[in-house]
Each structure stands twice: as C-alpha cells, then as structure tokens.
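Shown here: target17.tsv, TSV, C-alpha atoms.
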chain	number	residue	atom	x	y	z
A	55	MET	CA	-17.95	-3.18	-7.25
A	56	SER	CA	-18.31	-6.56	-8.95
A	57	PHE	CA	-15.63	-9.10	-8.05
A	58	SER	CA	-15.90	-10.56	-11.54
A	59	SER	CA	-13.98	-7.53	-12.81
A	60	LEU	CA	-11.01	-8.58	-10.70
A	61	LEU	CA	-10.81	-12.14	-11.98
A	62	ASP	CA	-8.25	-13.12	-14.58
A	63	SER	CA	-7.09	-16.31	-16.29
A	64	SER	CA	-3.60	-17.72	-15.77
A	65	SER	CA	-1.02	-18.35	-18.50
A	66	SER	CA	-0.75	-21.78	-20.06
A	67	SER	CA	2.97	-21.46	-20.69
A	68	SER	CA	5.13	-24.35	-19.53
A	69	HIS	CA	8.02	-22.17	-18.26
A	70	PRO	CA	8.88	-23.30	-14.71
A	71	LEU	CA	8.61	-19.73	-13.38
A	72	VAL	CA	5.08	-19.11	-14.71
A	73	PRO	CA	3.48	-20.07	-11.35
A	74	TYR	CA	5.58	-17.27	-9.82
A	75	GLY	CA	4.37	-14.65	-12.31
A	76	TRP	CA	6.82	-15.06	-15.22
A	77	ASP	CA	5.42	-13.80	-18.54
A	78	ALA	CA	6.49	-12.58	-21.98
A	79	ASP	CA	7.30	-9.09	-20.70
A	80	TRP	CA	9.64	-10.40	-18.00
A	81	GLU	CA	11.25	-12.68	-20.58
A	82	ALA	CA	11.92	-9.65	-22.79
A	83	GLU	CA	13.37	-7.70	-19.85
A	84	PHE	CA	15.68	-10.59	-18.99
A	85	ALA	CA	16.86	-11.28	-22.57
A	86	PRO	CA	20.15	-9.29	-22.30
A	87	TYR	CA	21.16	-11.26	-19.20
A	88	ALA	CA	20.23	-14.61	-20.70
A	89	GLY	CA	22.98	-13.99	-23.24
A	90	GLN	CA	25.44	-13.65	-20.36
A	91	GLY	CA	24.53	-17.09	-19.04
A	92	LEU	CA	22.67	-15.76	-15.97
A	93	LEU	CA	19.52	-17.33	-14.56
A	94	PRO	CA	16.20	-15.49	-14.09
A	95	GLY	CA	14.59	-15.76	-10.69
A	96	ARG	CA	12.11	-14.20	-8.30
A	97	VAL	CA	13.03	-13.25	-4.75
A	98	VAL	CA	10.84	-15.17	-2.29
A	99	ARG	CA	12.55	-14.02	0.92
A	100	VAL	CA	15.25	-11.56	2.02
A	101	ASP	CA	17.36	-11.94	5.15
A	102	ARG	CA	20.34	-9.72	6.09
A	103	GLY	CA	22.06	-9.35	2.76
A	104	LEU	CA	21.07	-12.79	1.51
A	105	CYS	CA	17.95	-13.83	-0.35
A	106	ASP	CA	16.16	-16.96	-1.48
A	107	VAL	CA	15.54	-16.87	-5.23
A	108	VAL	CA	13.37	-19.34	-7.13
A	109	THR	CA	14.91	-20.10	-10.55
A	110	PRO	CA	14.22	-22.61	-13.35
A	111	ALA	CA	16.82	-24.80	-11.63
A	112	GLY	CA	15.13	-24.58	-8.22
A	113	THR	CA	15.43	-22.28	-5.21
A	114	VAL	CA	18.92	-20.93	-4.53
A	115	ARG	CA	20.50	-18.84	-1.78
A	116	ALA	CA	22.16	-15.74	-3.21
A	117	ASP	CA	24.23	-12.83	-1.91
A	118	THR	CA	23.06	-9.28	-2.74
A	119	GLU	CA	26.50	-7.64	-2.34
A	120	PHE	CA	26.66	-6.45	-5.95
A	121	VAL	CA	23.22	-4.83	-5.92
A	122	VAL	CA	23.39	-2.86	-2.65
A	123	PRO	CA	22.40	0.73	-3.55
A	124	ARG	CA	22.64	3.94	-1.58
A	125	ASP	CA	18.96	4.52	-2.28
A	126	PRO	CA	16.90	2.44	0.21
A	127	MET	CA	14.07	2.40	-2.33
A	128	LYS	CA	16.18	0.16	-4.59
A	129	VAL	CA	17.17	-2.47	-2.03
A	130	VAL	CA	16.35	-6.03	-3.11
A	131	CYS	CA	12.88	-6.91	-1.83
A	132	THR	CA	10.50	-9.86	-1.77
A	133	GLY	CA	8.75	-9.94	-5.14
A	134	ASP	CA	11.68	-8.61	-7.18
A	135	TRP	CA	12.79	-10.32	-10.40
A	136	VAL	CA	16.56	-10.69	-10.63
A	137	ALA	CA	19.41	-12.22	-12.61
A	138	VAL	CA	21.59	-14.61	-10.58
A	139	ASP	CA	24.74	-16.61	-11.17
A	140	PRO	CA	24.29	-20.04	-12.81
A	141	ASP	CA	25.13	-23.27	-11.04
A	142	GLY	CA	28.74	-23.57	-9.91
A	143	GLY	CA	29.23	-20.27	-8.09
A	144	ASP	CA	29.85	-20.41	-4.35
A	145	PRO	CA	28.49	-18.17	-3.10
A	146	ARG	CA	26.04	-17.22	-5.81
A	147	TYR	CA	25.34	-13.53	-6.35
A	148	VAL	CA	22.40	-11.49	-7.53
A	149	ARG	CA	23.92	-9.65	-10.50
A	150	THR	CA	21.11	-7.26	-11.37
A	151	LEU	CA	17.60	-6.24	-10.41
A	152	LEU	CA	15.02	-6.08	-13.20
A	153	PRO	CA	12.92	-2.87	-13.39
A	154	ARG	CA	9.95	-3.03	-11.06
A	155	ARG	CA	6.41	-2.76	-12.36
A	156	THR	CA	4.92	-1.74	-9.02
A	157	ALA	CA	6.02	-1.33	-5.42
A	158	PHE	CA	4.26	-0.80	-2.11
A	159	VAL	CA	6.17	1.84	-0.13
A	160	ARG	CA	5.69	3.37	3.29
A	161	SER	CA	7.65	6.01	5.20
A	162	THR	CA	10.15	4.47	7.62
A	163	SER	CA	9.36	7.02	10.31
A	164	SER	CA	7.31	10.16	10.74
A	165	LYS	CA	10.54	12.04	11.49
A	166	ARG	CA	12.46	10.85	8.43
A	167	SER	CA	11.95	11.13	4.71
A	168	GLU	CA	13.15	7.70	3.64
A	169	GLY	CA	10.81	5.16	2.10
A	170	GLN	CA	10.67	1.45	2.88
A	171	VAL	CA	9.66	-0.91	0.10
A	172	LEU	CA	7.46	-3.67	1.52
A	173	ALA	CA	6.74	-5.68	-1.64
A	174	THR	CA	7.30	-5.32	-5.39
A	175	ASN	CA	5.73	-6.35	-8.69
A	176	ILE	CA	2.31	-6.77	-7.12
A	177	ASP	CA	-1.09	-6.84	-8.82
A	178	PHE	CA	-3.37	-6.81	-5.77
A	179	VAL	CA	-2.98	-5.07	-2.41
A	180	VAL	CA	-5.14	-7.02	0.06
A	181	ILE	CA	-5.76	-4.87	3.14
A	182	CYS	CA	-6.79	-7.11	6.04
A	183	VAL	CA	-9.02	-5.58	8.71
A	184	SER	CA	-10.19	-7.59	11.72
A	185	LEU	CA	-13.86	-7.55	12.68
A	186	ALA	CA	-12.93	-8.84	16.15
A	187	VAL	CA	-12.30	-5.22	17.20
A	188	GLU	CA	-14.00	-1.90	16.46
A	189	LEU	CA	-13.42	-0.68	12.90
A	190	ASP	CA	-10.82	2.06	12.55
A	191	LEU	CA	-11.98	3.76	9.35
A	192	GLY	CA	-9.14	6.27	9.46
A	193	ARG	CA	-6.55	3.50	9.39
A	194	ILE	CA	-8.31	1.88	6.43
A	195	GLU	CA	-8.14	5.21	4.59
A	196	ARG	CA	-4.42	5.42	5.38
A	197	PHE	CA	-3.72	1.93	4.02
A	198	LEU	CA	-5.72	2.69	0.89
A	199	ALA	CA	-3.88	5.97	0.28
A	200	LEU	CA	-0.61	4.03	0.34
A	201	ALA	CA	-1.98	1.22	-1.80
A	202	MET	CA	-3.14	3.67	-4.47
A	203	SER	CA	0.14	5.60	-4.54
A	204	GLY	CA	2.65	2.76	-4.92
A	205	SER	CA	5.86	3.55	-6.78
A	206	GLY	CA	6.32	2.27	-10.28
A	207	GLY	CA	10.09	1.94	-9.89
A	208	GLU	CA	12.12	2.26	-13.07
A	209	ALA	CA	9.55	1.07	-15.59
A	210	PRO	CA	6.07	2.20	-16.69
A	211	LEU	CA	3.35	0.84	-14.47
A	212	HIS	CA	1.32	-2.15	-15.59
A	213	THR	CA	-2.24	-1.42	-14.54
A	214	SER	CA	-5.02	-3.80	-13.68
A	215	ALA	CA	-8.47	-3.79	-15.25
A	216	LEU	CA	-9.58	-0.84	-13.13
A	217	SER	CA	-6.27	1.01	-13.56
A	218	TRP	CA	-5.35	2.41	-10.15
A	219	GLU	CA	-2.53	4.94	-10.20
A	220	SER	CA	-0.17	2.59	-8.34
A	221	GLY	CA	-0.66	-0.18	-10.88
A	222	ALA	CA	-1.92	-2.51	-8.14
A	223	GLN	CA	-5.60	-3.16	-7.42
A	224	PRO	CA	-6.61	-2.51	-3.77
A	225	LEU	CA	-9.03	-4.84	-2.01
A	226	VAL	CA	-10.28	-4.61	1.59
A	227	VAL	CA	-10.82	-7.98	3.28
A	228	LEU	CA	-12.76	-7.95	6.55
A	229	THR	CA	-11.39	-10.95	8.44
A	230	LYS	CA	-12.95	-12.92	11.31
A	231	ALA	CA	-16.44	-12.29	9.92
A	232	ASP	CA	-17.71	-15.29	11.89
A	233	LEU	CA	-17.34	-13.21	15.08
A	234	VAL	CA	-20.03	-10.75	13.94
A	235	PRO	CA	-23.29	-11.80	15.65
A	236	ASP	CA	-25.70	-11.44	12.72
A	237	GLY	CA	-25.93	-10.80	9.00
A	238	ALA	CA	-27.53	-7.36	9.35
A	239	THR	CA	-24.63	-6.10	11.49
A	240	LEU	CA	-22.11	-7.55	9.05
A	241	SER	CA	-23.89	-5.83	6.16
A	242	HIS	CA	-23.72	-2.47	7.97
A	243	LEU	CA	-19.99	-2.91	8.65
A	244	VAL	CA	-19.35	-3.69	4.98
A	245	GLN	CA	-21.33	-0.59	3.96
A	246	ASP	CA	-19.30	1.58	6.37
A	247	VAL	CA	-16.06	0.41	4.79
A	248	GLU	CA	-17.43	0.79	1.26
A	249	THR	CA	-18.26	4.42	2.06
A	250	THR	CA	-14.73	4.88	3.35
A	251	ALA	CA	-13.23	3.16	0.29
A	252	PRO	CA	-15.12	4.45	-2.77
A	253	GLY	CA	-14.62	2.23	-5.80
A	254	VAL	CA	-12.79	-0.47	-3.83
A	255	ALA	CA	-14.12	-4.00	-3.44
A	256	VAL	CA	-14.87	-4.98	0.19
A	257	LEU	CA	-15.12	-8.69	1.06
A	258	PRO	CA	-15.97	-10.19	4.46
A	259	VAL	CA	-14.25	-13.54	5.01
A	260	SER	CA	-13.89	-16.12	7.75
A	261	SER	CA	-10.86	-18.38	7.74
A	262	ALA	CA	-12.47	-20.39	10.55
A	263	VAL	CA	-15.61	-21.42	8.63
A	264	GLY	CA	-14.50	-20.68	5.06
A	265	ASP	CA	-16.95	-17.91	4.18
A	266	GLY	CA	-15.74	-15.72	1.31
A	267	LEU	CA	-12.52	-17.67	0.76
A	268	ASP	CA	-13.59	-19.02	-2.64
A	269	VAL	CA	-14.21	-15.51	-3.96
A	270	LEU	CA	-10.91	-14.21	-2.56
A	271	ALA	CA	-8.98	-17.20	-3.97
A	272	ALA	CA	-10.47	-16.53	-7.41
A	273	VAL	CA	-9.45	-12.86	-7.26
A	274	VAL	CA	-5.84	-13.41	-6.14
A	275	SER	CA	-5.33	-16.22	-8.68
A	276	GLY	CA	-4.91	-13.48	-11.27
A	277	GLY	CA	-1.44	-12.32	-10.22
A	278	THR	CA	0.75	-11.41	-7.24
A	279	SER	CA	-1.02	-10.26	-4.08
A	280	VAL	CA	0.40	-8.76	-0.90
A	281	LEU	CA	-1.36	-9.10	2.47
A	282	LEU	CA	-1.18	-5.96	4.60
A	283	GLY	CA	-2.63	-5.07	7.97
A	284	GLN	CA	-1.98	-4.67	11.66
A	285	SER	CA	-0.76	-7.49	13.87
A	286	GLY	CA	-3.77	-9.56	14.85
A	287	ALA	CA	-5.68	-8.84	11.64
A	288	GLY	CA	-5.55	-12.53	10.72
A	289	LYS	CA	-3.16	-12.28	7.75
A	290	SER	CA	-1.23	-15.47	8.51
A	291	THR	CA	-4.43	-17.42	9.22
A	292	LEU	CA	-5.86	-16.15	5.95
A	293	ALA	CA	-2.66	-17.08	4.10
A	294	ASN	CA	-2.86	-20.63	5.49
A	295	ALA	CA	-6.50	-20.90	4.44
A	296	LEU	CA	-5.66	-19.81	0.88
A	297	LEU	CA	-2.64	-22.15	0.76
A	298	GLY	CA	-4.63	-25.08	2.09
A	299	GLU	CA	-1.97	-25.95	4.67
A	300	GLU	CA	-0.34	-24.59	7.83
A	301	VAL	CA	2.62	-22.81	6.25
A	302	MET	CA	2.59	-19.63	8.35
A	303	SER	CA	2.83	-19.69	12.15
A	304	VAL	CA	-0.23	-18.30	13.93
A	305	GLN	CA	-0.71	-16.87	17.43
A	306	ALA	CA	-3.93	-15.73	19.06
A	307	ALA	CA	-4.55	-12.00	19.35
A	308	ARG	CA	-4.77	-10.46	22.82
A	309	ASP	CA	-8.32	-10.56	24.14
A	310	VAL	CA	-8.04	-7.11	25.74
A	311	ASP	CA	-7.49	-5.14	22.52
A	312	GLY	CA	-7.30	-7.65	19.66
A	313	LYS	CA	-3.66	-6.81	18.92
A	314	GLY	CA	-1.33	-9.48	17.61
A	315	ARG	CA	2.22	-10.48	18.46
A	316	HIS	CA	4.08	-10.15	15.15
A	317	THR	CA	3.72	-13.83	14.20
A	318	THR	CA	5.21	-13.14	10.76
A	319	THR	CA	8.68	-11.56	10.96
A	320	THR	CA	9.72	-11.64	7.30
A	321	ARG	CA	8.04	-11.11	3.95
A	322	ASN	CA	7.50	-14.45	2.24
A	323	LEU	CA	6.38	-15.15	-1.33
A	324	LEU	CA	4.24	-18.28	-1.69
A	325	VAL	CA	2.56	-19.95	-4.68
A	326	LEU	CA	-1.17	-20.54	-4.25
A	327	PRO	CA	-2.63	-23.92	-5.27
A	328	GLY	CA	-5.42	-22.26	-7.27
A	329	GLY	CA	-3.03	-19.95	-9.12
A	330	GLY	CA	-1.40	-16.68	-8.23
A	331	VAL	CA	1.32	-15.71	-5.78
A	332	LEU	CA	0.90	-14.42	-2.23
A	333	ILE	CA	3.27	-12.23	-0.21
A	334	ASP	CA	2.57	-12.27	3.52
A	335	THR	CA	4.05	-9.37	5.51
A	336	PRO	CA	4.67	-8.69	9.20
A	337	GLY	CA	1.97	-6.71	10.98
A	338	LEU	CA	2.34	-2.96	10.53
A	339	ARG	CA	1.97	-0.95	13.72
A	340	GLY	CA	2.97	2.30	11.98
A	341	VAL	CA	1.78	3.14	8.47
A	342	GLY	CA	3.57	6.34	7.43
A	343	LEU	CA	2.60	7.89	4.11
A	344	PHE	CA	5.27	8.26	1.44
A	345	ASP	CA	4.56	10.55	-1.51
A	346	ALA	CA	0.89	9.58	-1.41
A	347	GLU	CA	-0.74	12.66	-2.94
A	348	VAL	CA	-2.37	10.65	-5.73
A	349	GLY	CA	-3.61	7.99	-3.32
A	350	VAL	CA	-5.11	10.51	-0.91
A	351	GLY	CA	-6.93	12.12	-3.83
A	352	GLN	CA	-8.37	8.78	-4.92
A	353	VAL	CA	-9.40	7.67	-1.43
A	354	PHE	CA	-11.17	10.99	-0.87
A	355	SER	CA	-12.45	11.38	-4.42
A	356	GLU	CA	-15.70	13.00	-3.29
A	357	ILE	CA	-13.76	15.74	-1.46
A	358	GLU	CA	-11.63	16.32	-4.57
A	359	GLU	CA	-14.86	16.74	-6.57
A	360	PHE	CA	-16.18	19.30	-4.09
A	361	ALA	CA	-12.80	21.07	-4.11
A	362	ALA	CA	-13.01	21.52	-7.88
A	363	ARG	CA	-16.02	23.80	-7.27
A	364	CYS	CA	-14.30	26.02	-4.70
A	365	ARG	CA	-14.06	29.74	-5.54
A	366	PHE	CA	-10.26	29.73	-5.22
A	367	HIS	CA	-8.14	27.11	-6.99
A	368	ASP	CA	-5.69	27.00	-4.04
A	369	CYS	CA	-8.41	26.77	-1.42
A	370	ALA	CA	-7.20	25.15	1.81
A	371	HIS	CA	-10.77	24.25	2.88
A	372	ALA	CA	-10.24	25.97	6.22
A	373	ALA	CA	-12.11	29.30	6.31
A	374	GLU	CA	-12.07	30.60	2.75
A	375	PRO	CA	-15.26	32.15	1.32
A	376	GLY	CA	-16.91	30.12	-1.41
A	377	CYS	CA	-15.35	26.83	-0.24
A	378	ALA	CA	-17.50	24.02	-1.63
A	379	VAL	CA	-15.85	21.49	0.70
A	380	LEU	CA	-16.83	23.42	3.84
A	381	GLU	CA	-20.33	23.95	2.46
A	382	ALA	CA	-20.68	20.19	1.94
A	383	ALA	CA	-19.48	19.53	5.49
A	384	GLU	CA	-21.83	22.13	6.99
A	385	SER	CA	-24.82	20.71	5.10
A	386	GLY	CA	-24.02	17.17	6.26
A	387	VAL	CA	-23.38	15.86	2.74
A	388	LEU	CA	-19.72	15.35	3.65
A	389	PRO	CA	-19.15	13.64	7.04
A	390	GLU	CA	-16.93	15.68	9.34
A	391	ARG	CA	-14.89	12.56	10.13
A	392	ARG	CA	-14.00	12.16	6.44
A	393	LEU	CA	-12.92	15.79	6.17
A	394	ASP	CA	-10.79	15.58	9.33
A	395	SER	CA	-9.11	12.39	8.05
A	396	TYR	CA	-8.48	14.00	4.65
A	397	ARG	CA	-6.87	17.06	6.23
A	398	LYS	CA	-4.68	14.90	8.45
A	399	LEU	CA	-3.36	12.77	5.58
A	400	VAL	CA	-2.82	15.77	3.30
A	401	ARG	CA	-0.77	17.54	6.00
A	402	GLU	CA	1.27	14.42	6.73
A	403	ASN	CA	2.01	13.81	3.07
A	404	GLN	CA	3.04	17.46	2.57
A	405	ARG	CA	5.54	17.15	5.43
A	406	ILE	CA	7.04	13.96	3.97
A	407	VAL	CA	7.36	15.46	0.49
A	408	ALA	CA	8.81	18.69	1.87
A	409	LYS	CA	11.65	16.77	3.52
A	410	THR	CA	12.91	15.56	0.16
A	411	ASP	CA	11.85	18.36	-2.20
A	412	ALA	CA	13.31	21.87	-1.76
A	413	ARG	CA	10.61	23.46	-3.93
A	414	ALA	CA	7.89	21.71	-1.95
A	415	ARG	CA	9.47	22.96	1.29
A	416	ALA	CA	9.42	26.53	0.02
A	417	GLU	CA	5.81	26.24	-1.10
A	418	LEU	CA	4.80	24.72	2.22
A	419	ARG	CA	6.48	27.56	4.17
A	420	LYS	CA	4.72	30.08	1.91
A	421	GLU	CA	1.39	28.39	2.55
A	422	TRP	CA	1.95	28.39	6.32
A	423	LYS	CA	2.76	32.12	6.23
A	424	ARG	CA	-0.36	32.82	4.16
A	425	ARG	CA	-2.59	30.92	6.54
A	426	GLY	CA	-0.95	32.62	9.52
A	427	ALA	CA	-1.62	36.04	8.02
A	428	GLU	CA	-5.23	35.10	7.30
A	429	GLY	CA	-5.66	33.87	10.85
A	430	ARG	CA	-4.25	37.09	12.34
A	431	ALA	CA	-6.45	39.16	10.04
A	432	ALA	CA	-9.52	37.21	11.11
A	433	MET	CA	-8.68	37.79	14.77
A	434	ASP	CA	-8.24	41.53	14.11
A	435	VAL	CA	-11.70	41.65	12.55
A	436	LYS	CA	-13.18	39.77	15.47
A	437	ARG	CA	-11.59	42.17	17.97
A	438	GLY	CA	-12.62	45.24	16.00
A	439	ARG	CA	-9.06	46.23	15.09
A	440	TRP	CA	-9.46	45.95	11.32
A	441	ARG	CA	-8.58	49.09	9.42

As structure tokens, please, write out the structure in this file.
Amino acid sequence: MSFSSLLDSSSSSSHPLVPYGWDADWEAEFAPYAGQGLLPGRVVRVDRGLCDVVTPAGTVRADTEFVVPRDPMKVVCTGDWVAVDPDGGDPRYVRTLLPRRTAFVRSTSSKRSEGQVLATNIDFVVICVSLAVELDLGRIERFLALAMSGSGGEAPLHTSALSWESGAQPLVVLTKADLVPDGATLSHLVQDVETTAPGVAVLPVSSAVGDGLDVLAAVVSGGTSVLLGQSGAGKSTLANALLGEEVMSVQAARDVDGKGRHTTTTRNLLVLPGGGVLIDTPGLRGVGLFDAEVGVGQVFSEIEEFAARCRFHDCAHAAEPGCAVLEAAESGVLPERRLDSYRKLVRENQRIVAKTDARARAELRKEWKRRGAEGRAAMDVKRGRWR
C-alpha cells in the first residue's frame, strides 16, 4: 500500500481547538450546547471520575458525575468531545458527551462480556510491534481484527480514504528496526507482516536513529491517532520521537523476553508539532476481542474469499465435503497457521457475542450440537457401525 494515500492536509481554521481535531462537523454537533453557554472541549486525560478537558479558554479539570452511565461503553474516555461548564463553576462538570465517530474497544476479560473503550474519535490505529523480539503474527492479527471492528458509537462512522469498517485506518509500525542486523532480514520481516495484514500499510521505524519517522509523522498529521501494543513495544519512545521532546516516561524492556514494565499508566492525548493528535495508551497484555466479526473477516479476507466457494453456505471449514477453505489449506495455498488463527479468533468472537445476544447463544448451541452429531457419525463410519 502507498503511504501517500494516508496523507491529508490540516484545516486552516483559526479556532483554538483545531489542533485537537475540531472541525465544522463538531461545531454543528455542539451548536445546541453553545446556546446554553457551555464550552466545547476534548478530553485529554481521565482519572477516577475527573478529566482534563482542553477548551477554547484553556485546559480545565472537570467532574464527570453527570455523565456516568450504566453502560461501560459510554464512560467518558480520552478522545471524547464534551460540553463543560463555563468559567465560574467550582467544581466544573462535564454536562454532555458528543456522539462518537469511532471508538477502539476490547473485551475486559475472556470470562465477561463487557467492552472497554480505549480511545475515541480516532482516525488512525497505529499498532506498534517490536522487532527486538520474535514476531508474533497471531497477536498482530488479533490487534488488526479489533482495529477494523471499532464501534461507531451513536453517530454514523466517518471513514478514511480507504474506508475500513471501523472508520479508523489501521497501520502496523515495526519499532526498533535498528536492532535488525541487515536490510534483507528487515525486508523479509516486513513481507511477513504484510502477508498477515492484507491491505494494511506496514512501516519499519527506529526512534533511536530516526528511520521512518518522517513518513509516520506525515501520516498521523492527518487526524487523531492512537498507539497500541504490548508493554515494551516502544510506544512511549515513539511518542517522544514524534513529539520532539521527552514527554512520556520510558523504561527499558527486560532483556530476557523483551517485555516492558507498563511505563504509561493512563491514556494521554497530545498535539503533535507537525499536525495531528496522538493518544498514547498503556501496554496491553491481554487483547480480548469484542464484537469483532467484521474485523476478523477483513484481516482474513483471503479465507473469506475461499469460503464463498464452499459447497455449503454454513460451512464450518472443519470436515465438510466441498470445503474450498480446506482444499486451499491442503494444497498449501492457504498457510495452516493462518487457518488456525482464523478459527481461534472466530470461536472467541462467537463466545463474546453469545454472552450478550440470546439469539446468538441459541445459534451457537445449535451449531455445537450439529458438529457433535457430525463427529459421532464420522466415528461410527470409521468403526464400521454406520447403518
């Protein structure tokens, strides 16, 4: 993919919130609250019921008591646009939350069905992967499935030039590229990730020597970007390099396994000197899917294309006759690792959806019974007990 397709020009408006992403659409959304004398602002940090909000009058500390919902998906989050009390209130309160354009959501736990919103109103999801350790292609696929299935909140999604379903453009950044011994090896690593992430731009960068930073800075200048990745992936170092100063604290990763120590503990929204806004997030040890059917389909688009040629429309790609997916795997056209990863993410997403959707639960139980019956029938045939 060409990085030129990701570049965009910034607005020339003189509104003080333009550097934070303010535009004509947000102005229209806020119009009813402007008549009430409230101030527009963007949440740059959230901390235990309080949040820092940047407004035309400067950054203020505001209480979120009046916008605490029962639904955890609607909790005020870094990146949200809000209406806050004007000067004079003590304490100030967030009075309303403007409809989100996009949101990056993960499951809070594999045993629960609640979602956790990590960042909102984002244009680019920058997935940071360290080259200091062996590539985990399955984890990259998991991050991409989430990135491509972000929730659109209460408003229609605003899509980027390449129009991903989530409304945010995914980008894989391979950090610590200076640790790769030679250019040929680096090229092979990039190709491996490109195969894992069809249609997604993959950029090797080095914060230490500056390689690739100019291209990345040009891409993220076109909107709001969120940095995601495991602890030790180099997110905070990368954020400092893009900011041009040591804003985020940095600790060295452990030599034994390359894992980090959760340097970043909160999600912070920062304005980049070359344009655009950056949200740095804590390292994610667990990345649970949350309603990611669309994302899984996009990440494994080649498997979805094979599946469209299966004999049965509800083929599970397990042992069914006429399964084009199994035929592709057996012929070597489809790597077995890709198929195993696809199956794993599909099963996980089905379990998450089934916890919140009664119809999905019933369909999943029906599918399990069908597969069980097919398995027993196959064993009967094998043992010569078929009638």

Nearest-residue call for Val348 in chain A, choices A:Arg154, A:Ala382, A:Val400, A:Pro235, using all atoms listed in the file
A:Val400

Quick one: pull the distance between CA of Pro336 in chain A and CA of Pro252 in chain A, Å, one decimal.
26.6 Å

Rounded to one decimal place, report the CA of Val254 in chain A-CA of Leu198 in chain A distance in Å.
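Rounded to one decimal, the two atoms are 9.1 Å apart.
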
Name the closest residue to Leu282 in chain A among the candidates A:Ser184, A:Ser261, A:Thr109, A:Asn175; distances are taken between atoms, counting only C-alpha atoms.
A:Ser184

Using Å and a single decimal, report how far CA of Val227 in chain A sits from CA of Leu71 in chain A.
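CA of Val227 in chain A lies at a distance of 28.2 Å from CA of Leu71 in chain A.
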
If we count all atoms listed in the file, what is near Asp106 in chain A at a cut-off of 8 Å, once residues fewer than 3 positions away on the same chain are taken out, given as number ranges by chain?
A: 97-100, 113-116

May I have the protein, DNA and RNA residues with an atom at most 12 Å from (-15.4, 3.2, -3.1), counting all atoms listed in the file in the file's coordinates, returned as a PDB file with C-alpha atoms, in the coordinates of the input?
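part_13.pdb, written as the output of this step:
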ATOM      1  CA  MET A  55     -17.950  -3.180  -7.250  1.00  0.00           C
ATOM      2  CA  SER A  56     -18.310  -6.560  -8.950  1.00  0.00           C
ATOM      3  CA  ILE A 194      -8.310   1.880   6.430  1.00  0.00           C
ATOM      4  CA  GLU A 195      -8.140   5.210   4.590  1.00  0.00           C
ATOM      5  CA  LEU A 198      -5.720   2.690   0.890  1.00  0.00           C
ATOM      6  CA  PRO A 224      -6.610  -2.510  -3.770  1.00  0.00           C
ATOM      7  CA  LEU A 225      -9.030  -4.840  -2.010  1.00  0.00           C
ATOM      8  CA  VAL A 226     -10.280  -4.610   1.590  1.00  0.00           C
ATOM      9  CA  VAL A 244     -19.350  -3.690   4.980  1.00  0.00           C
ATOM     10  CA  GLN A 245     -21.330  -0.590   3.960  1.00  0.00           C
ATOM     11  CA  ASP A 246     -19.300   1.580   6.370  1.00  0.00           C
ATOM     12  CA  VAL A 247     -16.060   0.410   4.790  1.00  0.00           C
ATOM     13  CA  GLU A 248     -17.430   0.790   1.260  1.00  0.00           C
ATOM     14  CA  THR A 249     -18.260   4.420   2.060  1.00  0.00           C
ATOM     15  CA  THR A 250     -14.730   4.880   3.350  1.00  0.00           C
ATOM     16  CA  ALA A 251     -13.230   3.160   0.290  1.00  0.00           C
ATOM     17  CA  PRO A 252     -15.120   4.450  -2.770  1.00  0.00           C
ATOM     18  CA  GLY A 253     -14.620   2.230  -5.800  1.00  0.00           C
ATOM     19  CA  VAL A 254     -12.790  -0.470  -3.830  1.00  0.00           C
ATOM     20  CA  ALA A 255     -14.120  -4.000  -3.440  1.00  0.00           C
ATOM     21  CA  VAL A 256     -14.870  -4.980   0.190  1.00  0.00           C
ATOM     22  CA  GLN A 352      -8.370   8.780  -4.920  1.00  0.00           C
ATOM     23  CA  VAL A 353      -9.400   7.670  -1.430  1.00  0.00           C
ATOM     24  CA  PHE A 354     -11.170  10.990  -0.870  1.00  0.00           C
ATOM     25  CA  SER A 355     -12.450  11.380  -4.420  1.00  0.00           C
ATOM     26  CA  GLU A 356     -15.700  13.000  -3.290  1.00  0.00           C
TER      27      GLU A 356
END
